$ cat query_7.tsv   # TSV, C-alpha atoms and all ligand atoms
chain	number	residue	atom	x	y	z
E	1	MET	CA	-27.80	190.91	6.28
E	2	ARG	CA	-29.09	187.50	7.22
E	3	TYR	CA	-32.16	188.19	5.09
E	4	ARG	CA	-29.98	189.12	2.16
E	5	MET	CA	-27.86	185.96	2.59
E	6	THR	CA	-31.00	183.83	2.83
E	7	ALA	CA	-32.44	185.57	-0.22
E	8	ALA	CA	-29.22	184.98	-2.12
E	9	ARG	CA	-29.21	181.33	-1.03
E	10	ASN	CA	-32.83	181.00	-2.15
E	11	ILE	CA	-32.04	182.55	-5.51
E	12	ILE	CA	-29.12	180.12	-5.94
E	13	ARG	CA	-31.33	177.18	-4.88
E	14	GLY	CA	-34.02	178.38	-7.29
E	15	LEU	CA	-31.52	178.53	-10.15
E	16	ALA	CA	-30.28	175.06	-9.26
E	17	VAL	CA	-33.85	173.70	-9.34
E	18	ILE	CA	-34.48	175.35	-12.74
E	19	ALA	CA	-31.21	173.93	-14.07
E	20	THR	CA	-32.10	170.44	-12.78
E	21	LEU	CA	-35.55	170.67	-14.36
E	22	ALA	CA	-34.06	171.85	-17.65
E	23	ILE	CA	-31.61	168.94	-17.68
E	24	GLY	CA	-34.49	166.56	-16.86
E	25	VAL	CA	-36.65	167.90	-19.71
E	26	ALA	CA	-33.70	167.70	-22.10
E	27	ALA	CA	-33.11	164.10	-21.06
E	28	ILE	CA	-36.78	163.18	-21.55
E	29	SER	CA	-36.96	164.75	-24.99
E	30	ALA	CA	-33.53	163.51	-26.05
E	31	PRO	CA	-33.57	161.14	-28.99
E	32	ALA	CA	-33.53	157.43	-28.21
E	33	VAL	CA	-30.10	157.14	-29.82
E	34	ALA	CA	-27.30	159.02	-28.05
E	35	LYS	CA	-25.47	161.64	-30.10
E	36	THR	CA	-21.80	160.88	-30.34
E	37	ALA	CA	-20.72	161.51	-33.87
E	38	THR	CA	-18.19	159.60	-35.88
E	39	LYS	CA	-15.80	162.08	-37.31
E	40	PRO	CA	-15.23	161.15	-40.95
E	41	ALA	CA	-11.63	161.34	-42.14
E	42	THR	CA	-10.51	164.93	-42.63
E	43	ALA	CA	-10.50	166.17	-46.17
E	44	ALA	CA	-7.40	165.49	-48.22
E	45	PRO	CA	-6.63	168.02	-50.96
E	46	ALA	CA	-9.00	167.50	-53.89
E	47	ALA	CA	-7.86	165.76	-57.05
E	48	THR	CA	-4.40	164.57	-56.07
E	49	GLY	CA	-4.36	162.56	-59.25
E	50	LEU	CA	-4.03	159.32	-57.24
E	51	PRO	CA	-5.00	156.28	-59.32
E	52	TYR	CA	-8.42	154.95	-58.31
E	53	GLN	CA	-7.20	151.53	-57.22
E	54	GLN	CA	-4.46	153.04	-55.10
E	55	ALA	CA	-6.94	155.33	-53.33
E	56	VAL	CA	-9.16	152.32	-52.58
E	57	ASP	CA	-6.22	150.20	-51.36
E	58	ASN	CA	-4.80	153.01	-49.20
E	59	ALA	CA	-8.12	153.52	-47.40
E	60	TYR	CA	-8.53	149.79	-46.87
E	61	ALA	CA	-5.08	149.52	-45.29
E	62	LYS	CA	-5.63	152.64	-43.19
E	63	PHE	CA	-8.94	151.55	-41.62
E	64	LYS	CA	-8.73	147.74	-41.73
E	65	ASN	CA	-7.81	147.38	-38.07
E	66	LEU	CA	-10.03	150.15	-36.72
E	67	GLN	CA	-12.07	148.72	-33.86
E	68	GLU	CA	-14.80	151.32	-33.30
E	69	GLY	CA	-18.57	150.97	-33.29
E	70	LYS	CA	-20.90	148.05	-32.73
E	71	ASN	CA	-23.25	146.00	-34.89
E	72	ALA	CA	-26.91	147.03	-34.69
E	73	ASP	CA	-28.68	144.70	-32.27
E	74	TYR	CA	-32.23	146.06	-32.10
E	75	ILE	CA	-32.81	143.69	-35.04
E	76	PRO	CA	-31.46	140.52	-33.39
E	77	ALA	CA	-30.19	138.91	-36.63
E	78	LEU	CA	-27.90	141.89	-37.29
E	79	ALA	CA	-26.00	141.35	-34.05
E	80	LYS	CA	-24.86	137.96	-35.40
E	81	VAL	CA	-23.28	139.34	-38.59
E	82	ASP	CA	-19.46	139.13	-38.70
E	83	PRO	CA	-18.22	142.58	-37.61
E	84	ASN	CA	-14.96	142.04	-39.51
E	85	ILE	CA	-16.58	142.14	-42.95
E	86	PHE	CA	-14.91	145.07	-44.71
E	87	GLY	CA	-15.33	145.52	-48.44
E	88	ILE	CA	-14.88	148.56	-50.66
E	89	ALA	CA	-16.02	149.02	-54.27
E	90	LEU	CA	-15.89	152.07	-56.50
E	91	ILE	CA	-17.43	152.11	-59.98
E	92	THR	CA	-16.84	154.95	-62.39
E	93	VAL	CA	-19.47	156.28	-64.79
E	94	ASP	CA	-17.64	154.54	-67.62
E	95	GLY	CA	-18.11	151.21	-65.86
E	96	LYS	CA	-14.65	150.55	-64.41
E	97	VAL	CA	-14.67	148.67	-61.10
E	98	TYR	CA	-12.06	149.24	-58.39
E	99	SER	CA	-12.44	147.14	-55.28
E	100	THR	CA	-10.73	145.49	-52.35
E	101	GLY	CA	-11.41	143.49	-49.21
E	102	ASP	CA	-14.48	141.35	-48.69
E	103	LEU	CA	-16.59	141.59	-51.80
E	104	THR	CA	-18.50	138.33	-51.44
E	105	SER	CA	-20.06	138.61	-47.96
E	106	GLU	CA	-23.57	140.01	-48.18
E	107	VAL	CA	-25.33	142.22	-45.65
E	108	SER	CA	-28.93	143.41	-45.59
E	109	ILE	CA	-29.38	146.63	-47.51
E	110	GLN	CA	-31.55	148.17	-44.75
E	111	SER	CA	-32.09	151.92	-45.10
E	112	ILE	CA	-30.12	152.18	-48.34
E	113	SER	CA	-33.24	150.67	-49.92
E	114	LYS	CA	-35.12	153.88	-49.01
E	115	VAL	CA	-33.27	155.77	-51.75
E	116	PHE	CA	-34.44	153.39	-54.46
E	117	THR	CA	-38.03	153.08	-53.24
E	118	MET	CA	-38.25	156.88	-53.23
E	119	ALA	CA	-36.79	156.90	-56.76
E	120	LEU	CA	-39.46	154.42	-57.87
E	121	VAL	CA	-42.24	156.63	-56.49
E	122	MET	CA	-40.72	159.61	-58.31
E	123	GLU	CA	-40.65	157.53	-61.49
E	124	GLU	CA	-44.24	156.25	-61.15
E	125	GLN	CA	-45.72	159.55	-59.97
E	126	SER	CA	-43.32	162.50	-59.78
E	127	PRO	CA	-40.74	164.08	-57.47
E	128	ASP	CA	-43.56	166.36	-56.30
E	129	ALA	CA	-45.47	163.35	-55.01
E	130	ILE	CA	-42.65	162.83	-52.50
E	131	PHE	CA	-42.29	166.56	-51.84
E	132	ASN	CA	-46.00	166.94	-51.13
E	133	ASN	CA	-46.60	163.81	-49.09
E	134	MET	CA	-43.73	163.72	-46.59
E	135	GLY	CA	-41.44	166.59	-47.58
E	136	VAL	CA	-37.73	166.85	-48.22
E	137	ASP	CA	-36.45	168.41	-45.02
E	138	ALA	CA	-34.11	167.08	-42.36
E	139	THR	CA	-35.71	166.19	-39.06
E	140	GLY	CA	-32.58	166.50	-36.92
E	141	GLN	CA	-33.86	163.38	-35.13
E	142	PRO	CA	-32.91	159.69	-35.24
E	143	PHE	CA	-34.27	157.66	-38.15
E	144	ASN	CA	-37.06	156.06	-36.14
E	145	SER	CA	-38.15	159.14	-34.20
E	146	ILE	CA	-41.83	159.43	-33.36
E	147	VAL	CA	-41.26	162.96	-32.03
E	148	ALA	CA	-40.31	163.90	-35.62
E	149	VAL	CA	-43.68	162.65	-36.86
E	150	GLU	CA	-45.58	164.46	-34.16
E	151	GLN	CA	-43.82	167.78	-34.77
E	152	TYR	CA	-45.56	168.44	-38.10
E	153	LYS	CA	-48.05	165.58	-38.17
E	154	GLY	CA	-45.93	163.57	-40.60
E	155	SER	CA	-45.12	166.49	-42.94
E	156	GLU	CA	-41.86	168.47	-43.20
E	157	MET	CA	-39.76	165.32	-43.10
E	158	ASN	CA	-38.21	163.08	-45.74
E	159	ALA	CA	-38.20	159.62	-47.31
E	160	MET	CA	-34.86	158.63	-45.71
E	161	VAL	CA	-36.28	158.39	-42.17
E	162	ASN	CA	-38.61	155.52	-41.32
E	163	PRO	CA	-41.96	157.39	-41.34
E	164	GLY	CA	-41.27	158.90	-44.78
E	165	ALA	CA	-39.76	155.66	-46.06
E	166	ILE	CA	-42.69	153.47	-45.02
E	167	THR	CA	-44.98	156.06	-46.58
E	168	ALA	CA	-42.96	155.94	-49.81
E	169	THR	CA	-43.31	152.15	-49.86
E	170	SER	CA	-47.07	152.58	-49.43
E	171	MET	CA	-47.08	154.76	-52.57
E	172	VAL	CA	-45.66	152.07	-54.90
E	173	SER	CA	-48.54	150.99	-57.12
E	174	GLY	CA	-49.72	147.40	-57.51
E	175	ALA	CA	-52.88	145.33	-57.39
E	176	SER	CA	-51.49	142.95	-54.77
E	177	ARG	CA	-48.67	142.69	-52.25
E	178	ASP	CA	-46.88	140.29	-54.61
E	179	GLU	CA	-47.11	142.71	-57.52
E	180	ILE	CA	-45.72	145.57	-55.43
E	181	TRP	CA	-42.93	143.41	-54.05
E	182	ASN	CA	-41.88	141.99	-57.41
E	183	LYS	CA	-41.75	145.45	-58.88
E	184	LEU	CA	-39.62	146.75	-55.99
E	185	ILE	CA	-37.06	143.93	-55.96
E	186	GLY	CA	-36.87	144.05	-59.77
E	187	TRP	CA	-36.23	147.79	-59.60
E	188	TYR	CA	-33.42	147.37	-57.03
E	189	SER	CA	-31.94	144.54	-59.10
E	190	ASP	CA	-31.71	146.73	-62.21
E	191	PHE	CA	-29.63	149.25	-60.26
E	192	ALA	CA	-27.44	146.48	-58.78
E	193	GLY	CA	-27.00	144.80	-62.17
E	194	ARG	CA	-28.03	141.33	-60.96
E	195	PRO	CA	-31.14	139.70	-59.43
E	196	LEU	CA	-31.15	140.43	-55.69
E	197	SER	CA	-32.81	138.20	-53.12
E	198	VAL	CA	-33.97	138.58	-49.54
E	199	ASN	CA	-32.10	137.43	-46.44
E	200	GLN	CA	-34.98	135.49	-44.88
E	201	GLU	CA	-33.37	135.31	-41.44
E	202	VAL	CA	-33.10	139.10	-41.27
E	203	PHE	CA	-36.64	139.54	-42.64
E	204	LYS	CA	-38.05	137.20	-40.00
E	205	SER	CA	-36.00	138.76	-37.22
E	206	GLU	CA	-37.06	142.32	-38.08
E	207	SER	CA	-40.68	141.26	-38.64
E	208	GLU	CA	-40.77	139.88	-35.10
E	209	THR	CA	-39.33	143.05	-33.58
E	210	ASN	CA	-40.66	145.92	-35.73
E	211	GLN	CA	-43.48	147.05	-33.45
E	212	ARG	CA	-42.09	150.58	-33.43
E	213	ASN	CA	-42.21	150.76	-37.24
E	214	GLN	CA	-45.78	149.39	-37.16
E	215	ALA	CA	-46.68	152.22	-34.77
E	216	ILE	CA	-44.99	154.72	-37.10
E	217	ALA	CA	-46.95	153.34	-40.08
E	218	MET	CA	-50.22	153.64	-38.15
E	219	LEU	CA	-49.38	157.23	-37.20
E	220	MET	CA	-48.63	158.13	-40.81
E	221	TYR	CA	-51.98	156.54	-41.70
E	222	ALA	CA	-53.72	158.49	-38.95
E	223	TYR	CA	-52.26	161.73	-40.33
E	224	GLY	CA	-53.37	160.84	-43.88
E	225	HIS	CA	-49.96	160.30	-45.51
E	226	ILE	CA	-50.46	156.56	-45.93
E	227	LYS	CA	-53.78	156.14	-47.69
E	228	ASP	CA	-54.41	152.44	-47.21
E	229	LYS	CA	-53.02	149.22	-45.68
E	230	PRO	CA	-50.40	150.78	-43.34
E	231	LEU	CA	-49.33	147.43	-41.90
E	232	GLN	CA	-48.85	145.96	-45.37
E	233	ALA	CA	-46.65	148.97	-46.20
E	234	CYS	CA	-44.63	148.32	-43.03
E	235	ASP	CA	-44.29	144.64	-43.93
E	236	ILE	CA	-43.09	145.35	-47.49
E	237	TYR	CA	-40.73	148.00	-46.11
E	238	THR	CA	-39.31	145.39	-43.72
E	239	GLU	CA	-38.79	142.97	-46.60
E	240	GLN	CA	-37.13	145.62	-48.78
E	241	CYS	CA	-34.70	146.34	-45.91
E	242	SER	CA	-33.79	142.63	-45.89
E	243	ALA	CA	-32.58	142.55	-49.50
E	244	SER	CA	-29.11	141.03	-49.50
E	245	VAL	CA	-26.19	142.93	-51.08
E	246	ASN	CA	-22.40	142.99	-51.22
E	247	ALA	CA	-20.14	146.02	-51.62
E	248	LYS	CA	-20.07	145.72	-55.42
E	249	ASP	CA	-23.87	145.57	-55.68
E	250	LEU	CA	-24.13	148.74	-53.64
E	251	ALA	CA	-21.40	150.49	-55.62
E	252	GLU	CA	-23.22	149.66	-58.86
E	253	MET	CA	-26.45	151.09	-57.43
E	254	ALA	CA	-24.56	154.27	-56.48
E	255	ALA	CA	-22.76	154.42	-59.83
E	256	THR	CA	-26.12	154.24	-61.62
E	257	LEU	CA	-27.15	157.40	-59.76
E	258	ALA	CA	-23.77	158.98	-60.55
E	259	ASN	CA	-24.40	158.22	-64.23
E	260	GLY	CA	-27.77	159.96	-64.62
E	261	GLY	CA	-29.80	156.83	-63.81
E	262	LYS	CA	-28.09	154.58	-66.37
E	263	ASN	CA	-26.30	151.52	-65.01
E	264	PRO	CA	-22.72	152.01	-66.30
E	265	ILE	CA	-22.06	148.27	-66.44
E	266	THR	CA	-25.28	146.81	-67.88
E	267	GLY	CA	-26.12	149.93	-69.90
E	268	LYS	CA	-29.74	149.87	-68.73
E	269	GLN	CA	-31.43	153.24	-68.18
E	270	CYS	CA	-32.92	152.39	-64.78
E	271	MET	CA	-34.69	155.67	-64.08
E	272	LYS	CA	-35.36	159.00	-65.75
E	273	SER	CA	-32.23	161.10	-65.62
E	274	GLU	CA	-34.22	164.25	-64.75
E	275	ASN	CA	-35.30	162.67	-61.45
E	276	VAL	CA	-31.77	161.80	-60.33
E	277	PRO	CA	-30.93	165.29	-58.95
E	278	LYS	CA	-34.07	165.11	-56.79
E	279	VAL	CA	-32.99	161.75	-55.38
E	280	LEU	CA	-29.48	163.06	-54.70
E	281	ALA	CA	-30.85	166.18	-53.00
E	282	VAL	CA	-32.79	164.13	-50.46
E	283	MET	CA	-29.76	161.89	-49.88
E	284	ALA	CA	-27.59	164.97	-49.27
E	285	THR	CA	-30.14	166.39	-46.84
E	286	ALA	CA	-30.89	163.30	-44.81
E	287	GLY	CA	-28.93	160.26	-46.00
E	288	LEU	CA	-26.95	159.94	-42.78
E	289	TYR	CA	-29.81	161.12	-40.59
E	290	ASP	CA	-28.94	163.57	-37.85
E	291	ASP	CA	-25.26	163.35	-38.89
E	292	SER	CA	-25.97	164.30	-42.52
E	293	GLY	CA	-24.47	167.77	-42.07
E	294	LYS	CA	-21.22	166.37	-40.72
E	295	TRP	CA	-21.08	163.90	-43.60
E	296	LEU	CA	-21.68	166.58	-46.24
E	297	PHE	CA	-19.10	168.82	-44.58
E	298	ALA	CA	-16.50	166.02	-44.77
E	299	THR	CA	-17.26	164.77	-48.30
E	300	GLY	CA	-19.72	166.96	-50.21
E	301	LEU	CA	-21.31	163.72	-51.43
E	302	PRO	CA	-24.94	162.62	-51.34
E	303	GLY	CA	-24.81	159.40	-49.33
E	304	LYS	CA	-27.03	156.83	-47.66
E	305	SER	CA	-26.33	154.48	-44.81
E	306	GLY	CA	-28.01	151.31	-43.60
E	307	VAL	CA	-27.87	149.59	-40.23
E	308	GLY	CA	-26.66	146.44	-42.01
E	309	GLY	CA	-23.32	148.28	-42.26
E	310	GLY	CA	-23.37	149.56	-45.83
E	311	ILE	CA	-22.96	153.15	-47.00
E	312	ILE	CA	-23.24	154.36	-50.60
E	313	ALA	CA	-22.09	157.73	-51.87
E	314	VAL	CA	-22.42	159.39	-55.25
E	315	SER	CA	-19.98	161.72	-56.96
E	316	PRO	CA	-22.25	162.95	-59.79
E	317	GLY	CA	-20.74	162.41	-63.23
E	318	LYS	CA	-17.71	160.64	-61.73
E	319	PHE	CA	-18.34	157.54	-59.64
E	320	GLY	CA	-20.44	155.65	-57.13
E	321	ILE	CA	-18.75	154.14	-54.11
E	322	ALA	CA	-19.86	151.72	-51.41
E	323	VAL	CA	-18.32	150.29	-48.29
E	324	VAL	CA	-19.66	147.45	-46.18
E	325	SER	CA	-18.57	147.17	-42.53
E	326	PRO	CA	-21.22	146.33	-39.90
E	327	PRO	CA	-20.05	148.16	-36.73
E	328	LEU	CA	-22.04	151.42	-36.40
E	329	ASP	CA	-21.74	154.66	-34.49
E	330	ALA	CA	-24.50	156.02	-32.29
E	331	ALA	CA	-26.37	157.63	-35.19
E	332	GLY	CA	-26.61	154.23	-36.94
E	333	ASN	CA	-23.92	154.83	-39.58
E	334	SER	CA	-21.02	152.42	-40.28
E	335	VAL	CA	-17.85	153.82	-38.73
E	336	LYS	CA	-15.35	152.35	-41.20
E	337	ALA	CA	-17.56	153.08	-44.20
E	338	GLN	CA	-17.79	156.77	-43.34
E	339	LYS	CA	-14.05	157.10	-42.88
E	340	ALA	CA	-13.07	155.03	-45.93
E	341	ILE	CA	-15.45	156.79	-48.33
E	342	ALA	CA	-14.36	160.23	-47.13
E	343	GLU	CA	-10.72	159.26	-47.50
E	344	ILE	CA	-11.11	157.82	-51.00
E	345	SER	CA	-13.39	160.51	-52.38
E	346	ASN	CA	-11.25	163.32	-51.06
E	347	ALA	CA	-8.12	161.68	-52.51
E	348	LEU	CA	-9.83	161.47	-55.91
E	349	GLY	CA	-11.40	164.92	-55.96
E	350	GLY	CA	-14.91	163.47	-55.69
E	351	ASN	CA	-16.40	166.46	-53.85
E	352	PRO	CA	-18.64	168.28	-56.39
E	353	TYR	CA	-18.27	171.54	-54.47
E	354	ALA	CA	-14.47	171.53	-54.72
E	355	VAL	CA	-13.85	173.60	-57.84
E	356	LYS	CA	-10.57	175.06	-59.03
E	357	PRO	CA	-10.90	178.82	-59.60
E	358	ARG	CA	-10.53	179.94	-63.23
E	401	LIG	O1	-36.49	150.24	-40.05
E	401	LIG	C1	-35.42	149.98	-39.55
E	401	LIG	O2	-35.17	150.27	-38.40
E	401	LIG	C2	-34.39	149.25	-40.37
E	401	LIG	N1	-35.03	148.30	-41.23
E	401	LIG	C3	-33.61	150.22	-41.21
E	401	LIG	C4	-32.94	151.29	-40.40
E	401	LIG	C5	-31.66	151.75	-40.98
E	401	LIG	O3	-31.01	151.11	-41.77
E	401	LIG	C6	-31.15	153.03	-40.46
E	401	LIG	N2	-29.85	153.30	-41.04
E	401	LIG	N3	-28.85	153.71	-40.81
$ encode --input "query_7.tsv" --output "structure tokens" --more "lines below"
Ligand code: DON
Amino acid sequence: MRYRMTAARNIIRGLAVIATLAIGVAAISAPAVAKTATKPATAAPAATGLPYQQAVDNAYAKFKNLQEGKNADYIPALAKVDPNIFGIALITVDGKVYSTGDLTSEVSIQSISKVFTMALVMEEQSPDAIFNNMGVDATGQPFNSIVAVEQYKGSEMNAMVNPGAITATSMVSGASRDEIWNKLIGWYSDFAGRPLSVNQEVFKSESETNQRNQAIAMLMYAYGHIKDKPLQACDIYTEQCSASVNAKDLAEMAATLANGGKNPITGKQCMKSENVPKVLAVMATAGLYDDSGKWLFATGLPGKSGVGGGIIAVSPGKFGIAVVSPPLDAAGNSVKAQKAIAEISNALGGNPYAVKPR
């Protein structure tokens, strides 16, 4: 009897040790960023027929006083940005602009730039160049995960997370750093409909603290995805992330994607229309990182976030929308932007999967 009780106790102790070890291993391999998701606003019925401006105004009023999230601070300059900036802009494919809130304050574009650098590589080479070099699959990991690189030696990932994005930047052609940079900022500017410039304070701040991205660039070089000058690629990537934009700039960039690559305000065909679905597919898969599934579930829209506080989303053939609000959730996505875009798009029937049966 005593033996059986001791044996039982030992079995229980053994199970407890295994459980403790399992929790320990999970903690060690857990991503650097904790996973507490922002729940985007629940879907309103599609196509209520609400006028665009009213949908924008309603969302602004609904979320204006929301006090959730926190500015990114791993790039010190971002912690100093006013967390109360809140601007919304929606631009339809026929060039009408609906906006409210703070439309003049600029934030750094950050990861939203990844979409347009990837688009440039598709334009210069082909969508397959992206597909073959870093892949188009979700990693399920934070945007700066090194574990995600190690898993498939830099393959089977995408150009929205840092390793794939720095690699995409390395693929932009040019005889010198200046030539590459001028091409990139000119390309972004065409989508935004005005000449963009760089926030030098953010560029300096991130350059002084981007050792992790330098390590990622070197790893992608070691695995053969970056062919040359990995640290130059990281430096240009850092500068591209520091491009300064307001909500209207971002909405125009999104609206250009919604309109088959043609800027609906300037009329310029910025990229080949046949590449746009490839860009949108990668955004849908990984635009909000490890929360991309939740985002797609709430909105059905290809989107892209940046740690500067911007999010863009594209309703193909209908509109592009952008919200700027710096406080982020744990996955690195603006809290107010997620909620406001979901609210507006769902009120306007923006979800391309929401189809009325015939
Ligand atoms: O590389 C970085 O960490 C930043 N320049 C960009 C990260 C970012 O915007 C992630 N977005 N949500």
$ closest_residue --input "query_7.tsv" --among "E:Thr167, E:Asn133, E:Thr92, E:Asn333" --to "ligand LIG 401 (chain E)" --atoms "only C-alpha atoms and all ligand atoms"
E:Asn333
$ closest_residue --input "query_7.tsv" --among "E:Leu301, E:Val172, E:Leu78, E:Ile88" --to "ligand LIG 401 (chain E)" --atoms "all atoms listed in the file"
E:Leu78
$ axis_aligned_box --input "query_7.tsv" --around "ligand LIG 401 (chain E)" --padding-each-side "8 Å" --output "AutoDock Vina command-line options"
--center_x -32.7 --center_y 151.0 --center_z -40.1 --size_x 23.6 --size_y 21.4 --size_z 19.4
$ closest_atom_pairs --input "query_7.tsv" --of "chain E" --to "ligand LIG 401 (chain E)" --cutoff "8 Å" --atoms "only C-alpha atoms and all ligand atoms" --output "JSON lines"
{"residue": "E:Ile75", "atom": "CA", "partner": "E:LIG401", "partner_atom": "O2", "distance": 7.8}
{"residue": "E:Ile109", "atom": "CA", "partner": "E:LIG401", "partner_atom": "O3", "distance": 7.5}
{"residue": "E:Gln110", "atom": "CA", "partner": "E:LIG401", "partner_atom": "O3", "distance": 4.2}
{"residue": "E:Ser111", "atom": "CA", "partner": "E:LIG401", "partner_atom": "O3", "distance": 3.6}
{"residue": "E:Ile112", "atom": "CA", "partner": "E:LIG401", "partner_atom": "O3", "distance": 6.7}
{"residue": "E:Phe143", "atom": "CA", "partner": "E:LIG401", "partner_atom": "C6", "distance": 6.0}
{"residue": "E:Asn144", "atom": "CA", "partner": "E:LIG401", "partner_atom": "O2", "distance": 6.5}
{"residue": "E:Val161", "atom": "CA", "partner": "E:LIG401", "partner_atom": "C6", "distance": 7.6}
{"residue": "E:Asn162", "atom": "CA", "partner": "E:LIG401", "partner_atom": "O1", "distance": 5.8}
{"residue": "E:Glu206", "atom": "CA", "partner": "E:LIG401", "partner_atom": "N1", "distance": 7.1}
{"residue": "E:Asn210", "atom": "CA", "partner": "E:LIG401", "partner_atom": "O1", "distance": 7.4}
{"residue": "E:Asn213", "atom": "CA", "partner": "E:LIG401", "partner_atom": "O1", "distance": 6.4}
{"residue": "E:Tyr237", "atom": "CA", "partner": "E:LIG401", "partner_atom": "N1", "distance": 7.5}
{"residue": "E:Thr238", "atom": "CA", "partner": "E:LIG401", "partner_atom": "N1", "distance": 5.7}
{"residue": "E:Cys241", "atom": "CA", "partner": "E:LIG401", "partner_atom": "N1", "distance": 5.1}
{"residue": "E:Ser242", "atom": "CA", "partner": "E:LIG401", "partner_atom": "N1", "distance": 7.4}
{"residue": "E:Leu288", "atom": "CA", "partner": "E:LIG401", "partner_atom": "N3", "distance": 6.8}
{"residue": "E:Tyr289", "atom": "CA", "partner": "E:LIG401", "partner_atom": "N3", "distance": 7.5}
{"residue": "E:Lys304", "atom": "CA", "partner": "E:LIG401", "partner_atom": "N3", "distance": 7.7}
{"residue": "E:Ser305", "atom": "CA", "partner": "E:LIG401", "partner_atom": "N3", "distance": 4.8}
{"residue": "E:Gly306", "atom": "CA", "partner": "E:LIG401", "partner_atom": "O3", "distance": 3.5}
{"residue": "E:Val307", "atom": "CA", "partner": "E:LIG401", "partner_atom": "O3", "distance": 3.8}
{"residue": "E:Gly308", "atom": "CA", "partner": "E:LIG401", "partner_atom": "O3", "distance": 6.4}
{"residue": "E:Gly309", "atom": "CA", "partner": "E:LIG401", "partner_atom": "N3", "distance": 7.9}
{"residue": "E:Ala331", "atom": "CA", "partner": "E:LIG401", "partner_atom": "N3", "distance": 7.3}
{"residue": "E:Gly332", "atom": "CA", "partner": "E:LIG401", "partner_atom": "N3", "distance": 4.5}
{"residue": "E:Asn333", "atom": "CA", "partner": "E:LIG401", "partner_atom": "N3", "distance": 5.2}
{"residue": "E:Ser334", "atom": "CA", "partner": "E:LIG401", "partner_atom": "N3", "distance": 8.0}
$ atom_distance --input "query_7.tsv" --atom1 "atom CA of Thr285 of chain E" --atom2 "atom CA of Gly135 of chain E"
11.3 Å
$ residues_around --input "query_7.tsv" --residues "Val314 of chain E" --least-positions-apart "5" --cutoff "6 Å" --atoms "all atoms listed in the file" --output "list in words"
Ala254, Ala258, Leu301, Pro302 and Gly320 of chain E
$ residues_around --input "query_7.tsv" --residues "Ile185 of chain E" --least-positions-apart "5" --cutoff "10 Å" --atoms "only C-alpha atoms" --output "NGL selection string"
:E and (113 or 116-117 or 180 or 190 or 195-198 or 239-240 or 243)
$ closest_residue --input "query_7.tsv" --among "E:Ser205, E:Ser145, E:Gln338, E:Ser173" --to "Lys80 of chain E" --atoms "all atoms listed in the file"
E:Ser205
$ build_atoms --input "query_7.tsv" --residues "segment 328-340 of chain E" --atoms "N, CA and C atoms" --output "JSON list (two decimals), in the frame of the given file"
[["chain", "number", "residue", "atom", "x", "y", "z"],
["E", 328, "LEU", "N", -21.42, 150.09, -36.21],
["E", 328, "LEU", "CA", -22.04, 151.42, -36.40],
["E", 328, "LEU", "C", -21.68, 152.38, -35.28],
["E", 329, "ASP", "N", -21.82, 153.66, -35.56],
["E", 329, "ASP", "CA", -21.74, 154.66, -34.49],
["E", 329, "ASP", "C", -23.14, 154.88, -33.91],
["E", 330, "ALA", "N", -23.24, 155.85, -33.01],
["E", 330, "ALA", "CA", -24.50, 156.02, -32.29],
["E", 330, "ALA", "C", -25.64, 156.52, -33.17],
["E", 331, "ALA", "N", -25.31, 157.15, -34.30],
["E", 331, "ALA", "CA", -26.37, 157.63, -35.19],
["E", 331, "ALA", "C", -26.86, 156.52, -36.12],
["E", 332, "GLY", "N", -26.18, 155.35, -36.10],
["E", 332, "GLY", "CA", -26.61, 154.23, -36.94],
["E", 332, "GLY", "C", -25.86, 154.15, -38.26],
["E", 333, "ASN", "N", -24.69, 154.79, -38.34],
["E", 333, "ASN", "CA", -23.92, 154.83, -39.58],
["E", 333, "ASN", "C", -22.61, 154.05, -39.40],
["E", 334, "SER", "N", -22.24, 153.22, -40.38],
["E", 334, "SER", "CA", -21.02, 152.42, -40.28],
["E", 334, "SER", "C", -19.79, 153.32, -40.07],
["E", 335, "VAL", "N", -19.02, 152.99, -39.06],
["E", 335, "VAL", "CA", -17.85, 153.82, -38.73],
["E", 335, "VAL", "C", -16.80, 153.74, -39.84],
["E", 336, "LYS", "N", -16.41, 152.50, -40.19],
["E", 336, "LYS", "CA", -15.35, 152.35, -41.20],
["E", 336, "LYS", "C", -15.81, 152.87, -42.56],
["E", 337, "ALA", "N", -17.07, 152.65, -42.89],
["E", 337, "ALA", "CA", -17.56, 153.08, -44.20],
["E", 337, "ALA", "C", -17.47, 154.60, -44.33],
["E", 338, "GLN", "N", -17.87, 155.31, -43.27],
["E", 338, "GLN", "CA", -17.79, 156.77, -43.34],
["E", 338, "GLN", "C", -16.36, 157.23, -43.57],
["E", 339, "LYS", "N", -15.45, 156.65, -42.80],
["E", 339, "LYS", "CA", -14.05, 157.10, -42.88],
["E", 339, "LYS", "C", -13.44, 156.72, -44.24],
["E", 340, "ALA", "N", -13.70, 155.49, -44.68],
["E", 340, "ALA", "CA", -13.07, 155.03, -45.93],
["E", 340, "ALA", "C", -13.60, 155.82, -47.13]]
